[in-house]
Structure formats: structure tokens, C-alpha cells
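Visitor: A single structure is presented below for examination.
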Amino acid sequence: MSLPGTSEESELAVTFFGAPLTSPRIVELVIANSGRRDITAAMFHDAQPLRFDFGVPVCTILDATTTPAGSIRPMFDTAGWAVAGNNGWGDAWVDVVPSLLSRGQEVVMTVLVEGDEKPVKLASFPLVDVTPVSEPSGERSRALAETIGRMPIYLGPFRIR
């Protein structure tokens, strides 16, 4: 690849603490509470964390944001990572420690990983009275909108659709 206006070849190299990454990727994981009530720290059975398995070594969490504004950002535990092993980066998982996930809250975690694309799996789900839903954000609401869009709607004696 050459830079605009030059004939020189350039190469992008990604390193992590000096170790070159051969297959770096950025993964964005969305954790959302789309339920009708808050999920409190007390709802994490035996104070166990949520664990997300990335299937490849996790180098670092680049960013984590939460919406709506003012909601509490959960803490992520990476203390168990074997940073000295795995060529200088961590294990393949990230833990979300027990914390408040408010109704309607969405947490977006941006993670640098090393390795081929693999699906992120929910490896540990210790939440009491909560059912996990693993699908792209907005997929259920999109499917509902499509279903409703095909249904005729009546308002009084007038047909709208």
C-alpha cells in the first residue's frame, strides 16, 4: 500500500506492550438491560461475575461507555489474566463484576483481541430471575416491527392499513 502522493510502500503494524499482533481485531460487545426492572448486584448468585469468552486472547479493554447519561458504568475484572503468558496479552475472557444494570441501560465495551474472528460467548451467567438473550442489539424490536408492519390495524370503523 502506498501513501497518497508518494511511491513508498507503508505498512501498519499493531503492537501490544512491544509484542507484535499478527491478527488484531477490535470487538464491540453490547450488554443491555432490556427488561422491565433493574438488575442489582444482589441478583448475581454467590457474587459471581458475568463472563464473556471471546475465543481468542484479549489484549485490553480500549473503552467502555454506558447510556443513558448518569447510569453507573460496571466494573470489568481482568485480574486473572495471565499477562506474562500468551505472548504478553490476556486470556480469552472478560468478567463483568456484580453491579447495578439499570432498566434500559446499555454498556458498550470496545476490546482489542488477537486472533481470527470467533463469536463472543456468554460463558457464565449467574443472574437470578433473569433470562439471557443473545442476539444483535435491536434485532427483537426489528422483528416485532416487521410483524406489526404486516398486520392490518383498525381504529374504530376505519381501516388504517
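Identifiers in this document derive from the order of the C-alpha cells: chains are assigned A, B, ..., residues are numbered from 1 separately in each chain, and ligands are numbered from 1 in order of occurrence.
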Using only C-alpha atoms, determine which residues lie at most 9 Å from range 57-72 of chain A, disregarding the query and same-chain residues fewer than 3 positions distant; provide the list as a ChimeraX atom specification.
Guide: /A:16,26,54,76,78,81,83,86,88-94,99-102,104-115
Visitor: Would you save the residues from that selection as a PDB file, in the first residue's frame, using C-alpha atoms?
Guide:
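Writing done, so here's part.pdb:
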```
ATOM      1  CA  PHE A  16       0.775  -4.518  22.418  1.00  0.00           C
ATOM      2  CA  ILE A  26     -11.472  -4.684  17.621  1.00  0.00           C
ATOM      3  CA  PHE A  54     -14.004 -14.022  23.191  1.00  0.00           C
ATOM      4  CA  PHE A  76     -14.636  -5.255  34.479  1.00  0.00           C
ATOM      5  CA  THR A  78      -9.242  -8.820  34.122  1.00  0.00           C
ATOM      6  CA  TRP A  81      -5.417 -12.770  33.010  1.00  0.00           C
ATOM      7  CA  VAL A  83      -0.490 -11.342  31.121  1.00  0.00           C
ATOM      8  CA  ASN A  86       0.078 -15.847  25.881  1.00  0.00           C
ATOM      9  CA  GLY A  88       2.152 -10.806  26.584  1.00  0.00           C
ATOM     10  CA  TRP A  89      -1.628 -10.491  26.388  1.00  0.00           C
ATOM     11  CA  GLY A  90      -4.515 -11.768  28.432  1.00  0.00           C
ATOM     12  CA  ASP A  91      -6.792 -14.765  28.424  1.00  0.00           C
ATOM     13  CA  ALA A  92      -9.835 -15.045  26.191  1.00  0.00           C
ATOM     14  CA  TRP A  93     -12.417 -13.680  28.639  1.00  0.00           C
ATOM     15  CA  VAL A  94     -13.685 -10.542  30.362  1.00  0.00           C
ATOM     16  CA  SER A  99     -23.089  -4.252  39.835  1.00  0.00           C
ATOM     17  CA  LEU A 100     -26.263  -2.341  39.050  1.00  0.00           C
ATOM     18  CA  LEU A 101     -27.527  -2.577  35.464  1.00  0.00           C
ATOM     19  CA  SER A 102     -30.459  -0.174  35.364  1.00  0.00           C
ATOM     20  CA  GLY A 104     -32.866   0.470  29.800  1.00  0.00           C
ATOM     21  CA  GLN A 105     -29.127   0.736  30.408  1.00  0.00           C
ATOM     22  CA  GLU A 106     -26.729  -0.224  27.641  1.00  0.00           C
ATOM     23  CA  VAL A 107     -22.999  -0.779  28.133  1.00  0.00           C
ATOM     24  CA  VAL A 108     -20.736  -0.833  25.076  1.00  0.00           C
ATOM     25  CA  MET A 109     -17.325  -2.412  25.632  1.00  0.00           C
ATOM     26  CA  THR A 110     -14.644  -1.980  22.931  1.00  0.00           C
ATOM     27  CA  VAL A 111     -11.991  -4.687  23.169  1.00  0.00           C
ATOM     28  CA  LEU A 112      -8.696  -5.306  21.336  1.00  0.00           C
ATOM     29  CA  VAL A 113      -8.221  -9.026  20.671  1.00  0.00           C
ATOM     30  CA  GLU A 114      -5.580 -11.088  18.882  1.00  0.00           C
ATOM     31  CA  GLY A 115      -6.780 -13.829  16.565  1.00  0.00           C
TER      32      GLY A 115
END
```
Visitor: With only C-alpha atoms as the basis for distance, which of A:Val133, A:Ala42, A:Val120, A:Leu12 is at the shortest distance from Gly55 in chain A?
Guide: A:Val120
Visitor: Just give me the gap between CA of Arg25 in chain A and CA of Asp116 in chain A in Å, one decimal is fine.
Guide: 8.0 Å
Visitor: Enumerate, as number ranges by chain, the complete set of residues in range 40-104 of chain A that a backbone-based DSSP assignment places in strand (DSSP E).
Guide: A: 50-53, 58-67, 76-77, 93-96
Visitor: Suppose we keep C-alpha atoms; can you now write the selection as a PDB file, in the first residue's frame?
Guide:
```
ATOM      1  CA  LEU A  50     -20.873 -12.392  34.114  1.00  0.00           C
ATOM      2  CA  ARG A  51     -18.122 -13.921  31.955  1.00  0.00           C
ATOM      3  CA  PHE A  52     -17.777 -13.279  28.236  1.00  0.00           C
ATOM      4  CA  ASP A  53     -15.498 -15.639  26.302  1.00  0.00           C
ATOM      5  CA  VAL A  58      -7.969 -10.381  24.840  1.00  0.00           C
ATOM      6  CA  CYS A  59      -5.251  -7.733  24.800  1.00  0.00           C
ATOM      7  CA  THR A  60      -7.083  -4.921  26.550  1.00  0.00           C
ATOM      8  CA  ILE A  61     -10.380  -3.133  27.004  1.00  0.00           C
ATOM      9  CA  LEU A  62      -9.993   0.009  24.900  1.00  0.00           C
ATOM     10  CA  ASP A  63     -13.172   1.753  26.019  1.00  0.00           C
ATOM     11  CA  ALA A  64     -16.421   1.184  27.871  1.00  0.00           C
ATOM     12  CA  THR A  65     -19.362   3.564  27.728  1.00  0.00           C
ATOM     13  CA  THR A  66     -22.830   3.435  29.186  1.00  0.00           C
ATOM     14  CA  THR A  67     -26.133   5.054  28.311  1.00  0.00           C
ATOM     15  CA  PHE A  76     -14.636  -5.255  34.479  1.00  0.00           C
ATOM     16  CA  ASP A  77     -12.319  -7.811  36.066  1.00  0.00           C
ATOM     17  CA  TRP A  93     -12.417 -13.680  28.639  1.00  0.00           C
ATOM     18  CA  VAL A  94     -13.685 -10.542  30.362  1.00  0.00           C
ATOM     19  CA  ASP A  95     -15.709 -10.594  33.574  1.00  0.00           C
ATOM     20  CA  VAL A  96     -18.392  -8.052  34.472  1.00  0.00           C
TER      21      VAL A  96
END
```
Visitor: To one decimal place, how far is CA of Val130 in chain A from CA of Lys118 in chain A in Å?
Guide: 25.7 Å
